[in-house]
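Undergrad: One structure follows; several queries about it will come next.
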Amino acid sequence: MADEPLKRRTRLSVAKLLVVCVCMFGFAYALVPLYDVICEALGINGRTNSVAIVDVPEDMTKDEDRTVLVQFVTRAAKDMPWDFEPMERSVRVHPGEIKAVNFRVRNRTGEDMVGQAIPSLVPGQAASHFKKTQCFCFDQQPLMANGEEVMPMIFYLDPAIPKSVNTITLSYTLYDITERTSVGGVAARQTR
Amino acid sequence: MQSTLFHRAAALLTTLMISGVAAADWTERSDLNMRPGVTAVSQDVYHLHMIILGIVTLIGVIVFALIMWSVFAHRKEKNPVPAKFHENVVLEVVWTVIPFFILIGMAIPATRVLINMEDTSDSALTVKVTGSQWRWHYEYLDYEGDNNINVGFFSDLATPPEVWQRPILSGGLFPVGTAQEQVGVEREPLTPENAFNYMIEVDKPLVLPAGQKIRFLITADDVIHSFWVPDFGFKKDAIPGFVNESWTEIPESAIGMTLRGQCAELCGRLHAFMPIEVVVKSQEDFAAWLAEEQEAAAEGPDMTPFASLDDAMEQGKPIYDRACAMCHGAQGQGGIGLSFQGTDYMTNPDRLQDNIDILLQGRGAMPAFRAQLSPKEIAAVITYQRNAFGNETGDLIQPDDVQK
Amino acid sequence: MADHHEHHAPTGWRRWLLSTNHKDIGSLYLWFSFAMFLVGGLLAMVIRAELMYPGMQVVDPDFFNQMTTTHGLIMVFGAVMPAFVGLANWMIPLMIGAPDMALPRMNNWSFWILPAAFSILIGSVLMSAFGPGNPPAPNFGWTFYAPLSTTYGPASTDFFILSVHLMGISSIMGAINVIVTVMNMRAPGMTMMKMPLFVWTWLITAFLLIAVMPVLAGAVTMMLTDRHFGTSFFDAAGGGDPVLFQHIFWFFGHPEVYIMILPAFGVVSAIIPTFARKPLFGYASMVYATASIALLSFVVWAHHMFTVGMPLAGMLFFMYMTMLISVPTGVKVFNWVATMWRGSLTFELPMKWALAFVILFTIGGLSGLMLSITPADFQYHDSYFVVAHFHYVLVSGAIFSMFAAVYYWLPKWSGVMYDKFWGEVHFWSSLISVNLLFFPMHFVGLAGMPRRYSDYALQFADYNWWISIGAFWFGISQLFLLWVLIKACFLKKGEKATDEVWEGAEGLEWTVPSPAPFHTFDTPPVVK
């Protein structure tokens with residue numbers, strides 16, 4: 001029907017277009033890490049650092065002239081039968097000051113469970129300046145039946161935080177991820 | 001609704017003729033144009049909207065006039081020999097560049113208003129707004145530096161199902177659950193006279209002070225919702241697991257007004273049934289109201305036991321009708337939810353604890369009621385379920401039995 | 001459809017099921033899309049019946065959501081897109097002087113996948129309406145935002161995912177076919193810049209399809225693994241983010257909007273010069289405008305989600321980019337006006353539809369410009385104003401252009417002229433009712449009625465009644481078109497069409513006999 005060169009050209013075009021399709025399918029997946037990077041950079045959705053900051057700049061100075069109100073809001077997800085609350089609802093900090101706060105969790109059920117706290121911070125432009133050196137949210141939180149625990153979080157505000165920011169709200173939502181993890185290891189992990 | 005075609009036509013013409021500028025109070029409702037709203041931001045947005053509407057209307061009129069002129073003057077009878085031109089560089093450049101300038105003219109006020117809306121200065125009051133299927137929860141986090149307020153409540157649609165369920169078909173697609181009994185029931189038509197706030201009224205409104213900056217922290221429990229009070233001039237999505245924030249400052253002139261809004265992101269079956277109602281109070285009245293709420297919250301839940309089974313039953317019925325009947329049926333016959341009529345779950349004494357736990361924690365499609373009902377209410381409603389609908393177990397559950 | 005069969009042309013059902021002929025496959029696509037248009041319209045009638053009066057009278061709120069969801073999906077993926085693919089199948093080989101599409105067997109596949117895909121989707125609606133226990137059909141809106149469609153989606157979501165995958169595969173195959181045909185099979189002398197604008201717009205549309213349909217496939221695959229295989233792309237509990245879904249969806253969704261409108265630009269650019277008896281004004285700028293609209297469509301997606309909470313810089317960027325799209329779109333409208341200017345206009349039905357398209361699409365474009373203004377969009381977003389906007393561009397835009405195309409090329413396809421009387425009735429009836437249907441939606445939207453509401457506050461009641469009347473009227477009007485099509489295609493009744501059909505028509509498709517024979521351009525024509 002068609003002459004040979006046409007057939008070859010057709011095949012070549014189809015092959016190229018299929019490669020584009022596969023790449024675009026991959027691109028959809030590439031958007032996932034890309035989105036995370038952009039979110040952490042721009043503070044979209046109030047993403048804060050998800051791994052501990054280990055190298056606190058040594059020359060960091062406390063900005064005594066400014067204080068920022070940091071509020072803590074906690075919430076157990078809809079079907080999460082744990083109590084979860086900050087031991088201080090808000091603190092005033094100077095940018096550059098290292099501050100520790102504690103949160104209390106209690107498992108109300110008679111079963112071993114694993115929770116995971118997901119942070120979200122407003123305003124977004126402050127998110128990249130909110131640095132955590134230690135946080136329970138970096139790991140899963142196993143709790144034995146009726147167990148109770150005090151969980152620490154240590155943070156500082158980068159002195160470069162925009163001047164317009166005077167209130168920061170850090171929200172944690174606690175999710176039940178027992179089913180996603182192996183339940184057997186709860187006790188072992190907790191005694192660590 | 002008994003209105004004739006004539007009535008409708010008259011109503012359409014009248015609304016088309018009157019100006020779209022509505023007064024700020026929701027009671028004077030525009031059905032034609034954007035509400036100017038009560039806050040400075042919402043009025044900025046309204047003016048921006050009117051400017052842009054004016055510009056696009058003008059562009060539209062010019063373009064349509066050109067088309068109509070061409071249709072009229074260049075039709076074949078009048079212009080039998082067509083011109084032959086098919087390009088004109090000058091003209092094409094001109095109509096690419098002019099829109100640019102128009103756009104810049106539109107972008108400048110838009111950018112100014114947008115930057116204005118992103119104002120992050122100190123707020124006097126922080127309210128956490130949580131959307132869930134299908135109600136809003138408001139929690140007052142801090143007010144004038146006091147961060148230990150402990151006031152929070154759910155806000156449910158106050159229009160009862162008997163009013164909005166008006167099935168005209170029997171069988172088929174609609175009558176599920178309680179709606180089945182509503183088929184063909186004679187009822188009053190929905191008119192502004194007898195149901196003025198139909199679908200936009202709640203049992204417990206959000207109360208806000210005038211003249212102070214208010215910050216909303218907006219989040220959701222399950223799916224995405226969107227918090228929209230048109231009079232504030234913004235909507236903001238409530239996203240599960242994440243927090244969004246927004247500001248508003250209601251002027252003193254709005255004291256005493258009730259502002260109404262709705263959920264604006266599809267959130268499931270009853271998306272249209274979770275309105276927002278805001279009552280604006282003066283700062284003194286607001287402080288008094290807040291103190292009263294705090295006092296009530298501090299007293300803790302009422303744990304006094306029921307005097308008798310009848311007492312509990314009496315208190316349980318209205319709670320059942322409000323919270324359970326929509327899914328389980330007014331007669332406990334089931335629907336979207338399980339049937340309660342003589343089922344093992346409702347009559348077997350060994351499953352009483354199950355009954356309490358599921359009500360508290362939820363299971364599957366059944367929502368958790370731990371936060372919404374007090375122990376006494378839960379005890380009352382379970383007593384009711386286990387003694388009504390022909391169950392007659394004689395079980396009397398006391399508030400102390402319901403360990404929260 | 002062809003009068004004289006070649007010796008190897010199969011007959012009966014085998015002709016259609018095993019067809020590799022671009023004209024037969026084109027006809028299948030067109031009839032299929034018309035059927036889907038009627039089905040999707042029927043669902044819209046349920047929506048409007050429910051919204052005619054305040055209060056829930058006809059269906060359950062959840063069934064209402066299923067209606068809005070499947071109405072959107074069927075109209076977008078079942079009516080508009082296949083209609084344009086059918087048009088491409090029929091007309092592109094005729095317009096560029098090719099004997100057939102480049103990949104005829106794949107062409108057959110890409111069509112026959114569609115009935116399977118839509119049986120699955122419509123099947124879940126039928127199950128919900130009539131099946132035991134009424135298991136809900138997809139009820140999360142055609143945009144299927146997570147987590148409503150993932151954690152909270154009904155069981156039928158999995159059917160929906162399969163169905164979307166099939167639709168995507170079909171569209172991708174169709175797009176590959178168009179690109180390969182246009183790139184390799186043009187008649188001698190048919191250079192790129194001599195191609196009719198319809199071919200150009202379709203070529204650009206096909207590239208958009210190749211670029212974004214795989215992204216949609218990615219999104220639904222992520223949904224599937226979130227639902228069943230323990231991933232959490234969109235679930236905050238597992239470190240995912242529901243907003244990510246919206247970004248991926250609209251990265252597909254915005255180009256998708258142009259996929260539905262660019263071929264419409266091509267159709268109108270073919271029709272207006274014919275009835276103005278004057279060449280298209282600014283051919284080259286039309287091509288560049290189309291290409292720039294397509295490119296811009298990749299950098300505006302977030303204007304669908306201004307309310308999710310974005311940094312100021314992001315909102316400004318997406319606002320400016322969106323406003324910019326109105327420049328090339330404006331160029332197109334001005335070019336059409338200039339084409340008519342000092343022409344010698346007659347107003348046969350295709351021209352009437354094309355004129356209605358230009359005016360009503362412009363209204364939709366202008367409300368689109370209003371929506372791009374971010375602060376105002378905070379009020380417009382997810383209200384009926386948005387519903388009014390996209391129905392103006394999709395119904396009185398894309399679908400009206402499809403009607404224009406059908407009346408324009410029907411004599412070429414069937415060999416007989418359409419029934420002028422019923423055609424006029426169809427036009428005027430649709431024109432009036434479509435405005436009664438969609439114009440008041442601007443008012444209720446501005447006044448504050450959110451979209452996808454199954455019940456509403458009383459100040460919206462009057463307009464909703466009118467909107468419903470307009471909807472029923474517009475729905476019934478389409479039966480006139482059904483009659484016109486049956487009469488021309490099956491009964492073959494009507495004035496015999498000449499080869500040229502229209503006095504001012506230019507292009508290769510008018511050089512072949514009417515009706516177009518089964519095989520055309522076996523020897524390529526030479527284009528001067």
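Going through the structure tokens in order, the chains are called A, B, and so on, while each chain numbers its residues from 1 and the ligands are numbered from 1 in the order shown.
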Please report as a VMD selection string which residues of chain B come no farther than 6 Å from chain C, using only C-alpha atoms.

TA: chain B and resid 30 to 34 45 49 56 70 74 to 76 79 to 80 82 to 83 86 to 87 114 164 to 168 173 to 174 198 to 199 223 234 to 237 241 264 269 272

Undergrad: Hey, what does DSSP flag as strand (DSSP E or B) within stretch 105-240 of chain B? Can you give it to me as a ChimeraX atom specification?

TA: /B:125-132,135-143,146,151-155,157,165,202,206-209,213-220,225-229,234-238,240

Undergrad: For chain C, list the residues within 7 Å of chain A, counting only C-alpha atoms, and write the list as a list in words.

TA: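 Going by the stated atoms only, the list reads Ile176, Val180, Asn184, Ile210, Ala211, Pro214, Val215, Ala217, Gly218, Ala219, Ala237, Ile248, Met310 and Pro311 of chain C.
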
Undergrad: Restricted to N, CA and C atoms, what would the selected residues look like written as a PDB file, in the first residue's frame?

TA:
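Below is the file that was written, out07.pdb:
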ATOM      1  N   ILE C 176      -1.483  10.388  18.065  1.00  0.00           N
ATOM      2  CA  ILE C 176      -0.317   9.905  17.321  1.00  0.00           C
ATOM      3  C   ILE C 176      -0.667   9.795  15.843  1.00  0.00           C
ATOM      4  N   VAL C 180       1.308  11.787  12.853  1.00  0.00           N
ATOM      5  CA  VAL C 180       2.036  11.037  11.832  1.00  0.00           C
ATOM      6  C   VAL C 180       1.433  11.309  10.457  1.00  0.00           C
ATOM      7  N   ASN C 184       3.668  13.215   7.573  1.00  0.00           N
ATOM      8  CA  ASN C 184       4.239  12.367   6.521  1.00  0.00           C
ATOM      9  C   ASN C 184       3.388  12.218   5.277  1.00  0.00           C
ATOM     10  N   ILE C 210      -0.655  14.380  23.421  1.00  0.00           N
ATOM     11  CA  ILE C 210       0.486  13.512  23.711  1.00  0.00           C
ATOM     12  C   ILE C 210       1.173  13.966  24.993  1.00  0.00           C
ATOM     13  N   ALA C 211       1.198  15.288  25.205  1.00  0.00           N
ATOM     14  CA  ALA C 211       1.919  15.794  26.370  1.00  0.00           C
ATOM     15  C   ALA C 211       1.138  15.583  27.659  1.00  0.00           C
ATOM     16  N   PRO C 214      -0.780  11.387  29.148  1.00  0.00           N
ATOM     17  CA  PRO C 214      -0.003  10.512  30.046  1.00  0.00           C
ATOM     18  C   PRO C 214       0.058  11.054  31.478  1.00  0.00           C
ATOM     19  N   VAL C 215      -0.007  12.374  31.633  1.00  0.00           N
ATOM     20  CA  VAL C 215       0.009  12.929  32.987  1.00  0.00           C
ATOM     21  C   VAL C 215      -1.277  12.549  33.720  1.00  0.00           C
ATOM     22  N   ALA C 217      -2.989   9.906  33.061  1.00  0.00           N
ATOM     23  CA  ALA C 217      -2.826   8.483  33.354  1.00  0.00           C
ATOM     24  C   ALA C 217      -1.996   8.308  34.613  1.00  0.00           C
ATOM     25  N   GLY C 218      -0.943   9.121  34.755  1.00  0.00           N
ATOM     26  CA  GLY C 218      -0.129   9.072  35.963  1.00  0.00           C
ATOM     27  C   GLY C 218      -0.955   9.383  37.196  1.00  0.00           C
ATOM     28  N   ALA C 219      -1.784  10.428  37.095  1.00  0.00           N
ATOM     29  CA  ALA C 219      -2.588  10.835  38.250  1.00  0.00           C
ATOM     30  C   ALA C 219      -3.536   9.719  38.682  1.00  0.00           C
ATOM     31  N   ALA C 237      -1.506  11.510  55.932  1.00  0.00           N
ATOM     32  CA  ALA C 237      -1.090  10.578  56.987  1.00  0.00           C
ATOM     33  C   ALA C 237       0.205   9.868  56.616  1.00  0.00           C
ATOM     34  N   ILE C 248      -1.165  18.095  39.811  1.00  0.00           N
ATOM     35  CA  ILE C 248      -1.005  17.151  38.701  1.00  0.00           C
ATOM     36  C   ILE C 248      -2.247  17.181  37.821  1.00  0.00           C
ATOM     37  N   MET C 310      -1.516  29.722  48.341  1.00  0.00           N
ATOM     38  CA  MET C 310      -0.275  29.740  47.556  1.00  0.00           C
ATOM     39  C   MET C 310       0.512  30.958  47.980  1.00  0.00           C
ATOM     40  N   PRO C 311       1.839  30.939  47.817  1.00  0.00           N
ATOM     41  CA  PRO C 311       2.590  32.165  48.094  1.00  0.00           C
ATOM     42  C   PRO C 311       2.168  33.276  47.131  1.00  0.00           C
TER      43      PRO C 311
END

Undergrad: Return the single residue from B:Gly145, B:Gly256, B:Pro301, B:Pro99 that is closest to chain A, with distances computed using only C-alpha atoms.

TA: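 Residue with the minimum atom-to-atom distance to chain A: B:Gly145.
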
Undergrad: Counting only C-alpha atoms, a student should be able to say which residues of chain B come within 7 Å of chain A; what is the right answer, written as a list in words?

TA: Thr120, Asp122, Asn147, Asp221, Gly241, Phe242, Val243, Asn244, Glu245, Gln361 and Gly362 of chain B

Undergrad: Would you save the residues of that selection, restricted to N, CA and C atoms, as a short mmCIF file (atom, residue, chain, number, x, y, z; two decimals), in the first residue's frame?

TA:
data_model
loop_
_atom_site.label_atom_id
_atom_site.label_comp_id
_atom_site.auth_asym_id
_atom_site.auth_seq_id
_atom_site.Cartn_x
_atom_site.Cartn_y
_atom_site.Cartn_z
N THR B 120 -0.15 40.64 57.08
CA THR B 120 0.13 39.66 58.14
C THR B 120 0.32 40.31 59.50
N ASP B 122 -0.40 41.93 63.36
CA ASP B 122 -0.95 41.28 64.56
C ASP B 122 -2.46 41.15 64.55
N ASN B 147 -4.11 32.81 75.75
CA ASN B 147 -4.10 31.64 74.86
C ASN B 147 -4.74 30.43 75.52
N ASP B 221 -10.91 17.81 58.53
CA ASP B 221 -10.79 16.53 59.20
C ASP B 221 -10.72 15.36 58.23
N GLY B 241 -4.93 17.77 57.14
CA GLY B 241 -3.52 17.61 57.46
C GLY B 241 -2.72 18.88 57.31
N PHE B 242 -3.29 19.90 56.69
CA PHE B 242 -2.55 21.13 56.49
C PHE B 242 -3.39 22.32 56.97
N VAL B 243 -2.69 23.39 57.27
CA VAL B 243 -3.38 24.57 57.80
C VAL B 243 -3.21 25.72 56.82
N ASN B 244 -4.29 26.43 56.55
CA ASN B 244 -4.24 27.66 55.77
C ASN B 244 -4.64 28.80 56.69
N GLU B 245 -4.19 30.00 56.39
CA GLU B 245 -4.64 31.10 57.24
C GLU B 245 -5.21 32.24 56.41
N GLN B 361 -16.04 6.34 68.66
CA GLN B 361 -14.87 6.36 67.78
C GLN B 361 -15.23 6.32 66.30
N GLY B 362 -16.44 5.94 65.98
CA GLY B 362 -16.79 5.78 64.57
C GLY B 362 -16.27 4.46 64.05
#

Undergrad: Pick from B:Leu352, B:Met257, B:Val402, B:Cys324: nearest to B:Arg370, with only C-alpha atoms counted?

TA: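 Checking each of B:Leu352, B:Met257, B:Val402, B:Cys324 against B:Arg370, counting only C-alpha atoms, the winner is B:Val402.
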
Undergrad: Between C:Gly174, C:Pro263, C:Gly72, C:Pro524, which residue has the minimum interatomic distance to C:Arg105, considering only C-alpha atoms?

TA: C:Gly174

Undergrad: Out of stretch 17-162 of chain A, which residues get helix (DSSP H, G or I) from DSSP, as an mmCIF file with N, CA and C atoms, in the first residue's frame?

TA:
data_model
loop_
_atom_site.group_PDB
_atom_site.id
_atom_site.type_symbol
_atom_site.label_atom_id
_atom_site.label_comp_id
_atom_site.auth_asym_id
_atom_site.auth_seq_id
_atom_site.Cartn_x
_atom_site.Cartn_y
_atom_site.Cartn_z
ATOM 1 N N LEU A 17 6.966 9.565 19.157
ATOM 2 C CA LEU A 17 5.807 10.035 19.922
ATOM 3 C C LEU A 17 5.551 9.148 21.134
ATOM 4 N N LEU A 18 5.789 7.836 20.956
ATOM 5 C CA LEU A 18 5.591 6.946 22.105
ATOM 6 C C LEU A 18 6.596 7.260 23.203
ATOM 7 N N VAL A 19 7.825 7.604 22.797
ATOM 8 C CA VAL A 19 8.833 7.973 23.796
ATOM 9 C C VAL A 19 8.349 9.205 24.559
ATOM 10 N N VAL A 20 7.798 10.173 23.826
ATOM 11 C CA VAL A 20 7.272 11.371 24.498
ATOM 12 C C VAL A 20 6.202 10.979 25.509
ATOM 13 N N CYS A 21 5.307 10.075 25.103
ATOM 14 C CA CYS A 21 4.234 9.637 26.007
ATOM 15 C C CYS A 21 4.797 9.039 27.284
ATOM 16 N N VAL A 22 5.756 8.147 27.115
ATOM 17 C CA VAL A 22 6.325 7.486 28.284
ATOM 18 C C VAL A 22 7.000 8.517 29.180
ATOM 19 N N CYS A 23 7.703 9.453 28.549
ATOM 20 C CA CYS A 23 8.370 10.492 29.342
ATOM 21 C C CYS A 23 7.348 11.318 30.117
ATOM 22 N N MET A 24 6.234 11.658 29.477
ATOM 23 C CA MET A 24 5.244 12.477 30.163
ATOM 24 C C MET A 24 4.583 11.708 31.303
ATOM 25 N N PHE A 25 4.418 10.388 31.104
ATOM 26 C CA PHE A 25 3.892 9.570 32.197
ATOM 27 C C PHE A 25 4.872 9.628 33.368
ATOM 28 N N GLY A 26 6.157 9.500 33.039
ATOM 29 C CA GLY A 26 7.190 9.606 34.065
ATOM 30 C C GLY A 26 7.196 10.986 34.702
ATOM 31 N N PHE A 27 6.920 11.992 33.874
ATOM 32 C CA PHE A 27 6.920 13.369 34.385
ATOM 33 C C PHE A 27 5.881 13.546 35.480
ATOM 34 N N ALA A 28 4.723 12.884 35.312
ATOM 35 C CA ALA A 28 3.691 12.972 36.342
ATOM 36 C C ALA A 28 4.263 12.496 37.670
ATOM 37 N N TYR A 29 5.036 11.406 37.618
ATOM 38 C CA TYR A 29 5.645 10.901 38.851
ATOM 39 C C TYR A 29 6.770 11.809 39.321
ATOM 40 N N ALA A 30 7.486 12.401 38.356
ATOM 41 C CA ALA A 30 8.580 13.301 38.726
ATOM 42 C C ALA A 30 8.029 14.527 39.439
ATOM 43 N N LEU A 31 6.764 14.873 39.173
ATOM 44 C CA LEU A 31 6.162 16.031 39.838
ATOM 45 C C LEU A 31 6.099 15.832 41.344
ATOM 46 N N VAL A 32 6.057 14.566 41.786
ATOM 47 C CA VAL A 32 5.896 14.307 43.217
ATOM 48 C C VAL A 32 7.104 14.815 44.006
ATOM 49 N N PRO A 33 8.335 14.341 43.694
ATOM 50 C CA PRO A 33 9.488 14.901 44.426
ATOM 51 C C PRO A 33 9.714 16.379 44.110
ATOM 52 N N LEU A 34 9.445 16.751 42.864
ATOM 53 C CA LEU A 34 9.622 18.138 42.452
ATOM 54 C C LEU A 34 8.759 19.058 43.304
ATOM 55 N N TYR A 35 7.519 18.600 43.521
ATOM 56 C CA TYR A 35 6.573 19.368 44.319
ATOM 57 C C TYR A 35 7.073 19.512 45.752
ATOM 58 N N ASP A 36 7.628 18.412 46.286
ATOM 59 C CA ASP A 36 8.151 18.472 47.654
ATOM 60 C C ASP A 36 9.269 19.496 47.759
ATOM 61 N N VAL A 37 10.149 19.480 46.764
ATOM 62 C CA VAL A 37 11.280 20.415 46.782
ATOM 63 C C VAL A 37 10.755 21.847 46.738
ATOM 64 N N ILE A 38 9.808 22.089 45.818
ATOM 65 C CA ILE A 38 9.279 23.449 45.671
ATOM 66 C C ILE A 38 8.549 23.862 46.950
ATOM 67 N N CYS A 39 7.796 22.920 47.528
ATOM 68 C CA CYS A 39 7.062 23.236 48.749
ATOM 69 C C CYS A 39 7.997 23.611 49.872
ATOM 70 N N GLU A 40 9.082 22.837 50.037
ATOM 71 C CA GLU A 40 9.992 23.154 51.140
ATOM 72 C C GLU A 40 10.691 24.469 50.885
ATOM 73 N N ALA A 41 10.981 24.748 49.605
ATOM 74 C CA ALA A 41 11.682 25.989 49.292
ATOM 75 C C ALA A 41 10.772 27.200 49.498
ATOM 76 N N LEU A 42 9.522 27.091 49.070
ATOM 77 C CA LEU A 42 8.623 28.242 49.108
ATOM 78 C C LEU A 42 7.678 28.220 50.310
ATOM 79 N N ILE A 44 5.154 26.246 50.687
ATOM 80 C CA ILE A 44 3.773 25.930 50.331
ATOM 81 C C ILE A 44 3.267 24.873 51.301
ATOM 82 N N ASN A 45 2.068 25.040 51.773
ATOM 83 C CA ASN A 45 1.471 24.114 52.726
ATOM 84 C C ASN A 45 2.214 24.073 54.044
ATOM 85 N N GLY A 46 3.086 25.039 54.275
ATOM 86 C CA GLY A 46 3.794 25.099 55.539
ATOM 87 C C GLY A 46 4.665 23.899 55.821
ATOM 88 N N GLY A 124 3.188 30.691 55.303
ATOM 89 C CA GLY A 124 4.079 29.894 54.456
ATOM 90 C C GLY A 124 5.474 30.482 54.330
ATOM 91 N N GLN A 125 5.557 31.828 54.288
ATOM 92 C CA GLN A 125 6.892 32.400 54.055
ATOM 93 C C GLN A 125 7.814 32.235 55.254
ATOM 94 N N ALA A 126 7.244 31.814 56.402
ATOM 95 C CA ALA A 126 8.087 31.582 57.568
ATOM 96 C C ALA A 126 8.584 30.146 57.623
ATOM 97 N N ALA A 127 7.976 29.271 56.832
ATOM 98 C CA ALA A 127 8.236 27.837 56.981
ATOM 99 C C ALA A 127 9.702 27.490 56.792
ATOM 100 N N PHE A 136 9.661 15.002 67.296
ATOM 101 C CA PHE A 136 8.999 13.697 67.284
ATOM 102 C C PHE A 136 8.418 13.399 65.909
ATOM 103 N N CYS A 137 8.190 14.486 65.128
ATOM 104 C CA CYS A 137 7.540 14.270 63.842
ATOM 105 C C CYS A 137 8.487 13.666 62.826
ATOM 106 N N PHE A 138 9.805 13.623 63.145
ATOM 107 C CA PHE A 138 10.728 12.985 62.203
ATOM 108 C C PHE A 138 10.540 11.476 62.180
#

Undergrad: May I have the residues within 12 Å of stretch 100-102 of chain C as a PyMOL selection string, using only C-alpha atoms and disregarding those fewer than 4 positions away in the same chain?

TA: (chain A and resi 1-3+6-11+13-14) or (chain C and resi 19-26+85-86+88-96+106-108+173-187+518-524)

Undergrad: Extract, using only C-alpha atoms, all DNA, RNA and protein residues at most 10 Å from C:Ser468, discarding same-chain residues fewer than 2 positions from it, and format them as a VMD selection string.

TA: chain C and resid 44 to 53 436 to 438 463 to 466 470 to 474

Undergrad: I'd like the neighbourhood of A:Pro152 as a list of chain:residue names, where a residue qualifies if any of its atoms comes within 7 Å (using only C-alpha atoms), though same-chain residues fewer than 5 positions away should be ignored.

TA: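 Skipping anything fewer than 5 positions along the chain leaves A:Ala100, A:Val101, A:Asn102, A:Phe103, A:Cys135, A:Phe136.
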
Undergrad: Put those residues in a file: N, CA, C and O atoms, as a compact mmCIF listing (two decimals), in the first residue's frame.

TA:
# COMPACT_ATOMS: atom_id res chain seq x y z
N ALA A 100 13.03 24.79 73.40
CA ALA A 100 12.50 23.43 73.46
C ALA A 100 11.06 23.48 73.96
O ALA A 100 10.75 24.25 74.88
N VAL A 101 10.20 22.72 73.35
CA VAL A 101 8.82 22.63 73.82
C VAL A 101 8.44 21.16 73.88
O VAL A 101 9.05 20.32 73.22
N ASN A 102 7.43 20.86 74.68
CA ASN A 102 7.02 19.47 74.83
C ASN A 102 5.55 19.28 74.46
O ASN A 102 4.73 20.18 74.64
N PHE A 103 5.28 18.10 73.97
CA PHE A 103 3.92 17.73 73.64
C PHE A 103 3.59 16.44 74.37
O PHE A 103 4.48 15.61 74.58
N CYS A 135 12.70 16.63 66.59
CA CYS A 135 11.25 16.64 66.56
C CYS A 135 10.72 15.22 66.53
O CYS A 135 11.25 14.38 65.81
N PHE A 136 9.66 15.00 67.30
CA PHE A 136 9.00 13.70 67.28
C PHE A 136 8.42 13.40 65.91
O PHE A 136 8.19 12.26 65.55
